[in-house]
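The file data-v7.cif comes next; it holds mmCIF, C-alpha atoms.
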```
data_protein
loop_
_atom_site.label_atom_id
_atom_site.label_comp_id
_atom_site.auth_asym_id
_atom_site.auth_seq_id
_atom_site.Cartn_x
_atom_site.Cartn_y
_atom_site.Cartn_z
CA MET A 1 -76.02 -3.81 -11.65
CA PRO A 2 -77.20 -0.99 -13.90
CA ILE A 3 -74.93 1.67 -15.31
CA GLU A 4 -75.94 5.23 -14.48
CA LEU A 5 -74.50 8.61 -15.43
CA GLU A 6 -73.47 11.32 -13.03
CA ARG A 7 -73.59 14.07 -15.68
CA PRO A 8 -75.88 12.84 -18.45
CA GLU A 9 -76.12 16.35 -19.96
CA PHE A 10 -72.75 15.76 -21.64
CA LEU A 11 -74.45 13.24 -23.94
CA TYR A 12 -75.99 16.18 -25.80
CA LEU A 13 -72.55 16.66 -27.31
CA LEU A 14 -73.21 13.55 -29.38
CA ALA A 15 -75.75 15.58 -31.31
CA LEU A 16 -72.81 17.46 -32.87
CA LEU A 17 -71.51 14.31 -34.54
CA PRO A 18 -73.77 14.60 -37.61
CA LEU A 19 -72.50 18.16 -38.12
CA TRP A 20 -68.92 16.97 -37.87
CA TRP A 21 -69.61 14.13 -40.32
CA THR A 22 -71.02 16.67 -42.78
CA LEU A 23 -67.84 18.72 -42.56
CA VAL A 24 -65.39 15.84 -42.97
CA TRP A 25 -67.33 13.55 -45.31
CA PRO A 26 -65.27 12.83 -48.47
CA ARG A 27 -66.32 14.75 -51.55
CA ALA A 28 -65.21 14.91 -55.15
CA GLY A 29 -61.54 15.70 -55.32
CA TYR A 30 -60.72 13.76 -52.16
CA GLY A 31 -58.50 10.84 -52.70
CA ILE A 32 -56.17 8.28 -51.28
CA ARG A 33 -52.46 9.02 -51.45
CA PHE A 34 -49.94 6.24 -51.81
CA THR A 35 -46.18 6.44 -52.03
CA ARG A 36 -46.07 4.22 -55.09
CA GLY A 37 -48.64 3.33 -57.68
CA ASP A 38 -48.02 -0.36 -57.29
CA SER A 39 -49.20 -0.05 -53.64
CA VAL A 40 -52.75 0.31 -54.87
CA ARG A 41 -52.46 -2.73 -57.11
CA GLU A 42 -50.92 -4.73 -54.29
CA MET A 43 -53.71 -3.74 -51.85
CA VAL A 44 -56.55 -4.41 -54.23
CA GLY A 45 -55.07 -7.46 -55.86
CA ARG A 46 -53.56 -9.36 -52.96
CA TRP A 47 -55.77 -8.38 -49.96
CA ARG A 48 -58.87 -7.43 -51.91
CA ILE A 49 -59.49 -4.43 -49.66
CA PRO A 50 -62.18 -2.15 -51.10
CA ALA A 51 -60.71 1.02 -52.41
CA LEU A 52 -62.91 3.24 -50.27
CA PHE A 53 -62.20 1.35 -47.03
CA PRO A 54 -59.09 3.39 -46.09
CA LEU A 55 -61.04 6.54 -46.82
CA PHE A 56 -63.82 5.99 -44.29
CA LEU A 57 -61.94 4.05 -41.61
CA PRO A 58 -60.27 7.14 -40.02
CA ILE A 59 -63.64 8.90 -39.87
CA ALA A 60 -65.18 5.88 -38.16
CA LEU A 61 -62.30 5.67 -35.66
CA ARG A 62 -62.53 9.40 -34.91
CA SER A 63 -66.30 9.06 -34.42
CA LEU A 64 -65.88 6.16 -32.02
CA ALA A 65 -63.21 8.09 -30.14
CA ILE A 66 -65.47 11.14 -29.79
CA MET A 67 -68.39 9.03 -28.59
CA SER A 68 -66.20 7.21 -26.04
CA LEU A 69 -64.76 10.45 -24.67
CA VAL A 70 -68.22 12.03 -24.40
CA ILE A 71 -69.42 8.99 -22.44
CA ALA A 72 -66.38 9.34 -20.18
CA LEU A 73 -67.30 13.00 -19.60
CA ALA A 74 -70.80 11.90 -18.61
CA ASP A 75 -69.10 10.06 -15.69
CA PRO A 76 -70.71 6.60 -15.83
CA TYR A 77 -70.82 4.52 -12.67
CA ARG A 78 -72.09 1.10 -11.71
CA VAL A 79 -74.54 0.79 -8.84
CA GLU A 80 -73.98 -2.31 -6.71
CA THR A 81 -76.02 -3.44 -3.73
CA VAL A 82 -73.70 -4.60 -0.97
CA GLU A 83 -74.90 -6.65 1.99
CA GLU A 84 -73.20 -5.56 5.20
CA VAL A 85 -73.42 -7.64 8.36
CA SER A 86 -72.78 -5.92 11.68
CA ILE A 87 -73.12 -6.94 15.31
CA GLU A 88 -75.65 -4.89 17.26
CA GLY A 89 -74.64 -4.85 20.91
CA MET A 90 -76.81 -4.06 23.90
CA GLY A 91 -76.60 -2.07 27.11
CA ILE A 92 -75.71 -4.22 30.11
CA GLY A 93 -75.46 -3.12 33.71
CA ILE A 94 -73.29 -5.31 35.94
CA VAL A 95 -74.45 -4.97 39.56
CA VAL A 96 -72.42 -6.53 42.40
CA ASP A 97 -73.26 -6.75 46.10
CA LEU A 98 -70.63 -5.11 48.35
CA SER A 99 -72.18 -5.88 51.74
CA THR A 100 -69.93 -7.30 54.45
CA SER A 101 -71.46 -10.77 54.04
CA MET A 102 -69.66 -10.99 50.68
CA LEU A 103 -66.47 -11.59 52.70
CA ALA A 104 -67.74 -15.02 53.76
CA THR A 105 -65.21 -17.68 52.72
CA ASP A 106 -67.65 -20.41 51.73
CA MET A 107 -66.56 -20.77 48.09
CA GLU A 108 -64.15 -23.43 46.83
CA ASP A 109 -60.57 -23.21 48.09
CA SER A 110 -61.88 -21.03 50.94
CA GLN A 111 -62.27 -18.04 48.67
CA ASP A 112 -64.60 -15.29 49.74
CA ARG A 113 -67.70 -14.52 47.69
CA LEU A 114 -66.49 -11.11 46.52
CA THR A 115 -63.26 -12.54 45.06
CA VAL A 116 -65.22 -15.14 43.14
CA ALA A 117 -67.77 -12.52 42.04
CA ARG A 118 -65.05 -10.18 40.76
CA SER A 119 -63.35 -12.91 38.74
CA ALA A 120 -66.61 -14.07 37.14
CA ALA A 121 -67.71 -10.49 36.34
CA ILE A 122 -64.40 -9.74 34.61
CA ASP A 123 -64.67 -12.89 32.48
CA PHE A 124 -68.24 -11.96 31.57
CA ALA A 125 -67.25 -8.41 30.59
CA ARG A 126 -64.44 -9.71 28.38
CA SER A 127 -66.96 -11.88 26.53
CA ARG A 128 -69.08 -8.82 25.59
CA PRO A 129 -66.94 -6.74 23.20
CA HIS A 130 -69.96 -5.44 21.27
CA ASP A 131 -71.94 -4.21 24.26
CA GLU A 132 -71.92 -1.02 26.24
CA LEU A 133 -71.31 -1.98 29.86
CA SER A 134 -71.76 -0.16 33.15
CA LEU A 135 -70.75 -1.22 36.65
CA ILE A 136 -72.73 -0.60 39.85
CA GLY A 137 -71.70 -1.66 43.34
CA PHE A 138 -74.24 -1.65 46.14
CA ALA A 139 -74.72 -2.36 49.81
CA GLY A 140 -76.92 -0.06 51.90
CA GLN A 141 -76.89 2.25 48.86
CA PRO A 142 -75.68 2.03 45.24
CA VAL A 143 -72.53 3.56 43.80
CA THR A 144 -71.62 3.87 40.12
CA ARG A 145 -68.12 2.56 39.57
CA VAL A 146 -68.12 2.83 35.77
CA PRO A 147 -70.77 4.62 33.65
CA PRO A 148 -71.82 3.08 30.30
CA THR A 149 -68.75 2.46 28.17
CA ARG A 150 -67.32 0.15 25.53
CA ASP A 151 -63.89 0.29 27.13
CA LEU A 152 -63.50 -3.23 28.53
CA ASP A 153 -60.24 -2.31 30.25
CA LEU A 154 -62.07 0.38 32.18
CA ILE A 155 -64.76 -2.09 33.22
CA GLU A 156 -62.12 -4.60 34.30
CA GLN A 157 -60.30 -1.99 36.39
CA GLY A 158 -63.61 -0.97 37.96
CA VAL A 159 -64.44 -4.57 38.93
CA GLU A 160 -60.98 -5.09 40.40
CA THR A 161 -61.45 -2.05 42.65
CA LEU A 162 -64.78 -3.25 44.09
CA GLU A 163 -64.25 -3.42 47.83
CA ILE A 164 -66.26 -3.87 50.97
CA GLY A 165 -66.63 -0.65 52.93
CA LEU A 166 -66.91 1.72 49.98
CA ILE A 167 -70.46 2.52 51.11
CA ARG A 168 -72.54 1.91 54.22
CA ASP A 169 -73.46 -1.68 54.88
CA GLY A 170 -76.77 -3.27 54.01
CA THR A 171 -78.52 -4.89 51.03
CA ASP A 172 -80.70 -2.38 49.21
CA ILE A 173 -81.58 -4.31 46.07
CA SER A 174 -84.26 -1.81 45.04
CA ALA A 175 -81.85 1.14 45.01
CA ALA A 176 -79.25 -0.88 43.11
CA LEU A 177 -81.78 -1.94 40.50
CA LEU A 178 -83.11 1.58 39.94
CA ALA A 179 -79.61 3.08 39.80
CA SER A 180 -78.51 0.59 37.18
CA ALA A 181 -81.68 1.12 35.13
CA ASN A 182 -81.09 4.88 35.17
CA ARG A 183 -77.52 4.38 34.01
CA LEU A 184 -78.68 2.19 31.15
CA LEU A 185 -81.01 4.97 30.00
CA GLU A 186 -77.90 7.07 29.37
CA SER A 187 -76.99 4.63 26.61
CA GLU A 188 -78.73 4.34 23.24
CA GLN A 189 -78.00 0.61 23.13
CA GLU A 190 -80.98 -1.72 23.22
CA PRO A 191 -82.09 -4.05 24.61
CA ARG A 192 -81.13 -3.01 28.15
CA VAL A 193 -80.17 -5.73 30.60
CA VAL A 194 -79.19 -5.75 34.29
CA VAL A 195 -77.13 -8.64 35.69
CA LEU A 196 -77.51 -8.41 39.46
CA LEU A 197 -75.55 -10.48 41.98
CA THR A 198 -76.25 -10.55 45.72
CA ASP A 199 -75.79 -12.85 48.71
CA GLY A 200 -78.54 -11.52 50.93
CA ALA A 201 -82.19 -10.63 51.22
CA HIS A 202 -83.31 -7.06 50.65
CA ASN A 203 -83.26 -4.97 53.84
CA GLY A 204 -83.41 -1.45 52.46
CA VAL A 205 -86.12 1.06 53.18
CA GLY A 206 -88.28 2.89 50.68
CA VAL A 207 -89.25 1.32 47.36
CA PRO A 208 -89.97 -2.45 47.61
CA PRO A 209 -87.90 -4.63 45.27
CA LEU A 210 -90.86 -5.82 43.21
CA ALA A 211 -92.03 -2.22 42.71
CA ALA A 212 -88.53 -1.33 41.53
CA ALA A 213 -88.70 -4.30 39.17
CA ARG A 214 -91.97 -3.04 37.69
CA ALA A 215 -90.38 0.38 37.16
CA ALA A 216 -87.42 -1.24 35.41
CA ALA A 217 -89.73 -3.31 33.21
CA ALA A 218 -91.61 -0.15 32.26
CA LEU A 219 -88.27 1.30 31.11
CA GLY A 220 -87.61 -1.78 28.97
CA VAL A 221 -84.93 -3.17 31.30
CA ARG A 222 -84.62 -6.93 31.68
CA VAL A 223 -83.04 -8.25 34.91
CA HIS A 224 -81.16 -11.50 35.41
CA ALA A 225 -80.85 -11.97 39.18
CA MET A 226 -78.22 -14.19 40.79
CA SER A 227 -77.70 -15.28 44.36
CA ILE A 228 -74.35 -16.55 45.59
CA LEU A 229 -74.13 -18.65 48.75
CA GLY A 230 -71.93 -21.57 49.64
CA PRO A 231 -73.60 -24.92 50.27
CA ASP A 232 -73.21 -24.51 54.05
CA ALA A 233 -73.87 -20.78 54.30
CA GLY A 234 -75.39 -19.84 57.64
CA VAL A 235 -74.65 -23.22 59.21
CA ARG A 236 -71.93 -23.16 61.86
CA PRO A 237 -70.29 -26.10 63.56
CA GLY A 238 -72.41 -27.34 66.48
CA MET A 239 -75.75 -26.54 64.86
CA VAL A 240 -78.27 -29.32 64.89
CA SER A 241 -79.01 -30.81 61.48
CA GLY A 242 -82.52 -30.24 60.14
CA GLY A 243 -82.80 -26.58 61.17
CA ALA A 244 -83.56 -27.10 64.86
CA SER A 245 -81.15 -24.27 65.76
CA GLY A 246 -82.63 -20.78 65.70
CA ALA A 247 -79.60 -19.48 63.74
CA ALA A 248 -80.00 -22.19 61.10
CA ALA A 249 -83.70 -21.41 60.80
CA ALA A 250 -82.92 -17.73 60.35
CA ALA A 251 -80.40 -18.56 57.63
CA GLU A 252 -82.98 -20.68 55.86
CA ARG A 253 -85.53 -17.87 56.03
CA MET A 254 -82.97 -15.49 54.56
CA ARG A 255 -82.35 -17.88 51.68
CA THR A 256 -86.07 -18.23 51.07
CA ASP A 257 -86.69 -14.48 51.16
CA MET A 258 -83.75 -13.78 48.88
CA ARG A 259 -84.84 -16.38 46.36
CA ARG A 260 -88.45 -15.15 46.42
CA VAL A 261 -87.44 -11.54 45.82
CA LEU A 262 -84.91 -12.33 43.10
CA GLU A 263 -87.27 -14.69 41.30
CA GLY A 264 -89.98 -12.03 41.43
CA ILE A 265 -87.66 -9.40 39.98
CA ALA A 266 -86.61 -11.74 37.15
CA ASP A 267 -90.21 -12.77 36.37
CA ILE A 268 -91.52 -9.19 36.27
CA THR A 269 -88.76 -7.94 33.98
CA GLY A 270 -88.58 -10.99 31.70
CA GLY A 271 -85.23 -12.22 32.98
CA ARG A 272 -84.15 -15.35 34.83
CA TYR A 273 -83.10 -16.24 38.34
CA PHE A 274 -79.94 -18.25 39.05
CA HIS A 275 -78.23 -19.52 42.16
CA ALA A 276 -74.49 -20.16 42.45
CA SER A 277 -72.91 -22.18 45.25
CA SER A 278 -69.37 -22.04 43.85
CA GLY A 279 -67.12 -20.05 41.55
CA ALA A 280 -67.48 -22.64 38.79
CA ALA A 281 -71.26 -22.46 39.06
CA LEU A 282 -71.13 -18.67 38.86
CA ASP A 283 -68.98 -18.84 35.72
CA SER A 284 -71.53 -21.21 34.16
CA ILE A 285 -74.37 -18.84 35.06
CA TYR A 286 -72.63 -15.89 33.41
CA ALA A 287 -72.00 -18.07 30.35
CA GLU A 288 -75.70 -18.99 30.26
CA ILE A 289 -76.69 -15.32 30.48
CA GLY A 290 -74.28 -14.67 27.61
CA ARG A 291 -76.11 -17.27 25.52
CA ILE A 292 -79.49 -15.79 26.44
CA GLU A 293 -78.39 -12.24 25.64
CA THR A 294 -76.75 -12.95 22.30
CA PRO A 295 -75.78 -9.86 20.29
CA VAL A 296 -77.94 -9.49 17.22
CA GLU A 297 -76.53 -9.71 13.71
CA VAL A 298 -77.92 -6.84 11.67
CA VAL A 299 -77.91 -7.25 7.89
CA ALA A 300 -78.13 -3.97 6.03
CA ASP A 301 -78.12 -3.41 2.28
CA HIS A 302 -76.51 -0.30 0.94
CA GLU A 303 -75.61 0.86 -2.52
CA GLU A 304 -72.04 1.42 -3.61
CA ARG A 305 -71.13 3.49 -6.66
CA ARG A 306 -68.18 2.21 -8.64
CA PRO A 307 -66.83 4.63 -11.26
CA GLU A 308 -66.72 3.20 -14.77
CA ARG A 309 -65.29 6.18 -16.67
CA GLY A 310 -61.97 4.41 -17.17
CA TRP A 311 -63.24 2.05 -19.85
CA PRO A 312 -64.74 4.66 -22.23
CA LEU A 313 -61.73 6.91 -21.67
CA ALA A 314 -59.33 4.08 -22.55
CA ALA A 315 -61.47 3.15 -25.55
CA GLY A 316 -61.46 6.76 -26.78
CA LEU A 317 -57.69 7.00 -26.52
CA LEU A 318 -57.33 3.65 -28.26
CA PHE A 319 -59.50 4.75 -31.19
CA LEU A 320 -57.55 8.00 -31.48
CA GLY A 321 -54.30 6.06 -31.43
CA LEU A 322 -55.53 3.77 -34.19
CA GLU A 323 -56.61 6.72 -36.28
CA PHE A 324 -53.26 8.48 -35.96
CA GLY A 325 -51.46 5.22 -36.62
CA LEU A 326 -53.51 4.68 -39.75
CA LYS A 327 -52.81 8.18 -41.01
CA GLY A 328 -49.11 7.64 -40.46
CA SER A 329 -49.13 4.48 -42.54
CA ARG A 330 -49.05 4.03 -46.31
CA TRP A 331 -52.89 4.14 -46.19
CA GLU A 332 -52.82 7.78 -45.13
CA VAL A 333 -55.95 9.66 -46.09
CA ILE A 334 -55.75 13.36 -46.69
CA PRO A 335 -58.46 15.80 -47.72
#
```

Structure rendered as structure tokens:
Amino acid sequence: MPIELERPEFLYLLALLPLWWTLVWPRAGYGIRFTRGDSVREMVGRWRIPALFPLFLPIALRSLAIMSLVIALADPYRVETVEEVSIEGMGIGIVVDLSTSMLATDMEDSQDRLTVARSAAIDFARSRPHDELSLIGFAGQPVTRVPPTRDLDLIEQGVETLEIGLIRDGTDISAALLASANRLLESEQEPRVVVLLTDGAHNGVGVPPLAAARAAAALGVRVHAMSILGPDAGVRPGMVSGGASGAAAAAERMRTDMRRVLEGIADITGGRYFHASSGAALDSIYAEIGRIETPVEVVADHEERRPERGWPLAAGLLFLGLEFGLKGSRWEVIP
């Protein structure tokens, strides 16, 4: 921790000290004044103080005081390197399916999928205080509910207001993915991550999902894709076990298509695919994504300047005080 000077030019004043010494140096005719003659005998005899010591001591004290005050004028400071640890958040887009199939009550306690999805999304958002979050709802088209923000209350309010019927029905995963990626580009936070939740296979027109995934990957966006379906989704009472019913076979094809598309999106963008069959499973998936996308600790070194002028200033005043105290004593030295 070196000591540096803010105004080192003031040190040139020290060059005047030899001139001052020349002016005040004792010459013939200078002497030491005592109130009584026996004071000299007492000093020399009892304490054995050299006779010239009281003569030069005030000059030495004044010199030290001048040097200390000049150093204080030069404004010394100590440079310290401080290590500062900060949490570097990321940009995360929360994307939730709002198609009518999300009203299916195949979750635990007969809850519908959207209710479970809202609760899990809110818990996930609360666990990301360092990130900049955005919220996209989608069905046949995407809609931005909350643009990128660090206001977790705003995100929570946005999730709570997600409802079926806000937009036309359908499951356009490609449009949702591209809309969320574009929103993330509005943020300077990196890395950029999309957490997409749906309960159906893509049925939008236009850009295929895997092409949208390649576009997102080119923008540096990583996608974690989640499907949410109850264990008996698509199977109604009276259906023959083993998929003999045409409706059951169609449901199985939908599951397969959805999984294939979501796995492809995750693989292309460097994310992961998850499937949730209950609210508890969905909470665990969000927790796993939170562990995967851990905020980064950034360690930065920066220099802090701590003023040190107080010590030379105090020393200068102390030396002056000693000098004046000495001159006011019986050892007073006068020209």

Distance query segment 84-92 of chain A at most 7 Å, only C-alpha atoms, self and fewer than 6 positions along chain excluded, as a PDB file with C-alpha atoms, in the frame of the given file:
```pdb
ATOM      1  CA  HIS A 130     -69.960  -5.440  21.270  1.00  0.00           C
ATOM      2  CA  ASP A 131     -71.940  -4.210  24.260  1.00  0.00           C
ATOM      3  CA  GLU A 132     -71.920  -1.020  26.240  1.00  0.00           C
ATOM      4  CA  LEU A 133     -71.310  -1.980  29.860  1.00  0.00           C
ATOM      5  CA  SER A 134     -71.760  -0.160  33.150  1.00  0.00           C
ATOM      6  CA  LEU A 184     -78.680   2.190  31.150  1.00  0.00           C
ATOM      7  CA  SER A 187     -76.990   4.630  26.610  1.00  0.00           C
ATOM      8  CA  GLN A 189     -78.000   0.610  23.130  1.00  0.00           C
ATOM      9  CA  GLU A 190     -80.980  -1.720  23.220  1.00  0.00           C
ATOM     10  CA  PRO A 191     -82.090  -4.050  24.610  1.00  0.00           C
ATOM     11  CA  ARG A 192     -81.130  -3.010  28.150  1.00  0.00           C
ATOM     12  CA  VAL A 193     -80.170  -5.730  30.600  1.00  0.00           C
ATOM     13  CA  VAL A 194     -79.190  -5.750  34.290  1.00  0.00           C
ATOM     14  CA  PRO A 295     -75.780  -9.860  20.290  1.00  0.00           C
ATOM     15  CA  VAL A 296     -77.940  -9.490  17.220  1.00  0.00           C
ATOM     16  CA  GLU A 297     -76.530  -9.710  13.710  1.00  0.00           C
ATOM     17  CA  VAL A 298     -77.920  -6.840  11.670  1.00  0.00           C
ATOM     18  CA  VAL A 299     -77.910  -7.250   7.890  1.00  0.00           C
ATOM     19  CA  ALA A 300     -78.130  -3.970   6.030  1.00  0.00           C
ATOM     20  CA  ASP A 301     -78.120  -3.410   2.280  1.00  0.00           C
TER      21      ASP A 301
END
```

Check your understanding: Do you have the atom CA of Glu163 of chain A-atom CA of Ala225 of chain A distance handy?
Key ->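 Here the two named atoms are 20.6 Å from each other.
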
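Taken over the shown file, the PyMOL selection byres ((chain A and resi 5) around 12) identifies Pro2, Ile3, Glu4, Glu6, Arg7, Pro8, Glu9, Phe10, Leu11, Val70, Ile71, Ala72, Leu73, Ala74, Asp75, Pro76, Tyr77, Arg78, Val79, Arg305, Arg306, Pro307, Glu308 and Arg309 of chain A.
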
For the file shown, report as a compact mmCIF listing (two decimals) with C-alpha atoms, in the coordinates of the input the outcome of the PyMOL selection byres ((chain A and resi 176) around 9) at residue level.
```
# COMPACT_ATOMS: atom_id res chain seq x y z
CA VAL A 95 -74.45 -4.97 39.56
CA VAL A 96 -72.42 -6.53 42.40
CA ASP A 97 -73.26 -6.75 46.10
CA ILE A 136 -72.73 -0.60 39.85
CA GLY A 137 -71.70 -1.66 43.34
CA PHE A 138 -74.24 -1.65 46.14
CA ALA A 139 -74.72 -2.36 49.81
CA GLN A 141 -76.89 2.25 48.86
CA PRO A 142 -75.68 2.03 45.24
CA VAL A 143 -72.53 3.56 43.80
CA THR A 171 -78.52 -4.89 51.03
CA ASP A 172 -80.70 -2.38 49.21
CA ILE A 173 -81.58 -4.31 46.07
CA SER A 174 -84.26 -1.81 45.04
CA ALA A 175 -81.85 1.14 45.01
CA LEU A 177 -81.78 -1.94 40.50
CA LEU A 178 -83.11 1.58 39.94
CA ALA A 179 -79.61 3.08 39.80
CA SER A 180 -78.51 0.59 37.18
CA ALA A 181 -81.68 1.12 35.13
CA LEU A 196 -77.51 -8.41 39.46
```

**Study point:** Residues matched by the PyMOL selection byres ((chain A and resi 127) around 12) as number ranges by chain
**Key:** A: 89, 120-126, 128-133, 152, 156, 283, 286-291, 293-295

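If all atoms listed in the file are the atoms counted, then among A:Gly310, A:Ser101, A:Gly140, A:Ala249 the closest residue to Val205 of chain A is A:Gly140.
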
Check your understanding: Using all atoms listed in the file, which residues sit within 7 Å of Ser277 of chain A once same-chain residues fewer than 5 positions away are excluded, as a list of chain:residue names?
Key -> A:Ile228, A:Leu229, A:Gly230, A:Pro231

Given 8 Å of margin on each side, can you work out the centre and size in Å (one decimal) of an axis-aligned box holding every listed atom of segment 245-259 of chain A, as JSON?
```
{"center_x": -83.1, "center_y": -19.0, "center_z": 56.1, "size_x": 23.1, "size_y": 26.5, "size_z": 35.4}
```

Practice item. Tell me, in Å to one decimal, how far atom CA of Ile265 of chain A is from atom CA of Glu160 of chain A. Key: 27.0 Å

Review point. Quick one: residues within 6 Å of Thr269 of chain A, only C-alpha atoms counted, chain neighbours fewer than 6 positions away excluded, as a list in words?
Key: Ala217, Arg222 and Val223 of chain A

Exercise for review: Between atom CA of Leu23 of chain A and atom CA of Ala65 of chain A, measure the distance and give it in Å to one decimal.
Suggested key: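 Answer for the atom CA of Leu23 of chain A to atom CA of Ala65 of chain A separation: 17.0 Å.
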
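Proximity ranking of A:Thr22, A:Thr81, A:Ser68, A:Ser278 relative to His302 of chain A places A:Thr81 first, based on only C-alpha atoms.
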
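When only C-alpha atoms are used to measure the gap to Phe324 of chain A, the shortest distance among A:Ala251, A:Ala15, A:Ile59, A:Ala276 belongs to A:Ile59.
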
**Study point:** Of the listed residues A:Leu135, A:Leu13, A:Ala280, A:Ala218, that which approaches Gly93 of chain A most closely, counting all atoms listed in the file
**Key:** A:Leu135

Point to revise | Best match for closeness to Ile167 of chain A among A:Leu14, A:Leu98, A:Val221, A:Ile66, counting all atoms listed in the file | key: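 Looking only at the distances to Ile167 of chain A, the closest residue turns out to be A:Leu98.
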
Point to revise | Who sits within 9 Å of Ile285 of chain A, all atoms listed in the file, same chain under 6 positions skipped, as a PyMOL selection string | key: chain A and resi 226+274-276

Can I get the selection written as a CSV table (one decimal), in the frame of the given file, with C-alpha atoms?
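The file below, out_18.csv, is the result:
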```csv
chain,number,residue,atom,x,y,z
A,226,MET,CA,-78.2,-14.2,40.8
A,274,PHE,CA,-79.9,-18.2,39.0
A,275,HIS,CA,-78.2,-19.5,42.2
A,276,ALA,CA,-74.5,-20.2,42.4
```

Add whatever atoms are absent from segment 200-211 of chain A to reach N, CA and C atoms, and provide the output as a PDB file, in the coordinates of the input.
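Wrote part24.pdb, looks like this:
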```
ATOM      1  N   GLY A 200     -77.648 -11.725  49.801  1.00  0.00           N
ATOM      2  CA  GLY A 200     -78.540 -11.520  50.930  1.00  0.00           C
ATOM      3  C   GLY A 200     -79.912 -11.032  50.514  1.00  0.00           C
ATOM      4  N   ALA A 201     -80.824 -11.096  51.455  1.00  0.00           N
ATOM      5  CA  ALA A 201     -82.190 -10.630  51.220  1.00  0.00           C
ATOM      6  C   ALA A 201     -82.227  -9.099  51.326  1.00  0.00           C
ATOM      7  N   HIS A 202     -83.156  -8.511  50.639  1.00  0.00           N
ATOM      8  CA  HIS A 202     -83.310  -7.060  50.650  1.00  0.00           C
ATOM      9  C   HIS A 202     -83.651  -6.581  52.065  1.00  0.00           C
ATOM     10  N   ASN A 203     -82.939  -5.560  52.546  1.00  0.00           N
ATOM     11  CA  ASN A 203     -83.260  -4.970  53.840  1.00  0.00           C
ATOM     12  C   ASN A 203     -83.249  -3.448  53.803  1.00  0.00           C
ATOM     13  N   GLY A 204     -83.372  -2.894  52.590  1.00  0.00           N
ATOM     14  CA  GLY A 204     -83.410  -1.450  52.460  1.00  0.00           C
ATOM     15  C   GLY A 204     -84.785  -0.897  52.787  1.00  0.00           C
ATOM     16  N   VAL A 205     -84.840   0.393  52.917  1.00  0.00           N
ATOM     17  CA  VAL A 205     -86.120   1.060  53.180  1.00  0.00           C
ATOM     18  C   VAL A 205     -86.532   1.836  51.935  1.00  0.00           C
ATOM     19  N   GLY A 206     -87.807   2.124  51.834  1.00  0.00           N
ATOM     20  CA  GLY A 206     -88.280   2.890  50.680  1.00  0.00           C
ATOM     21  C   GLY A 206     -88.988   1.988  49.689  1.00  0.00           C
ATOM     22  N   VAL A 207     -88.573   2.043  48.439  1.00  0.00           N
ATOM     23  CA  VAL A 207     -89.250   1.320  47.360  1.00  0.00           C
ATOM     24  C   VAL A 207     -89.049  -0.187  47.527  1.00  0.00           C
ATOM     25  N   PRO A 208     -90.117  -0.990  47.549  1.00  0.00           N
ATOM     26  CA  PRO A 208     -89.970  -2.450  47.610  1.00  0.00           C
ATOM     27  C   PRO A 208     -89.313  -2.976  46.335  1.00  0.00           C
ATOM     28  N   PRO A 209     -88.599  -4.097  46.445  1.00  0.00           N
ATOM     29  CA  PRO A 209     -87.900  -4.630  45.270  1.00  0.00           C
ATOM     30  C   PRO A 209     -88.809  -4.924  44.075  1.00  0.00           C
ATOM     31  N   LEU A 210     -89.978  -5.482  44.332  1.00  0.00           N
ATOM     32  CA  LEU A 210     -90.860  -5.820  43.210  1.00  0.00           C
ATOM     33  C   LEU A 210     -91.417  -4.567  42.536  1.00  0.00           C
ATOM     34  N   ALA A 211     -91.608  -3.490  43.316  1.00  0.00           N
ATOM     35  CA  ALA A 211     -92.030  -2.220  42.710  1.00  0.00           C
ATOM     36  C   ALA A 211     -90.913  -1.646  41.856  1.00  0.00           C
TER      37      ALA A 211
END
```
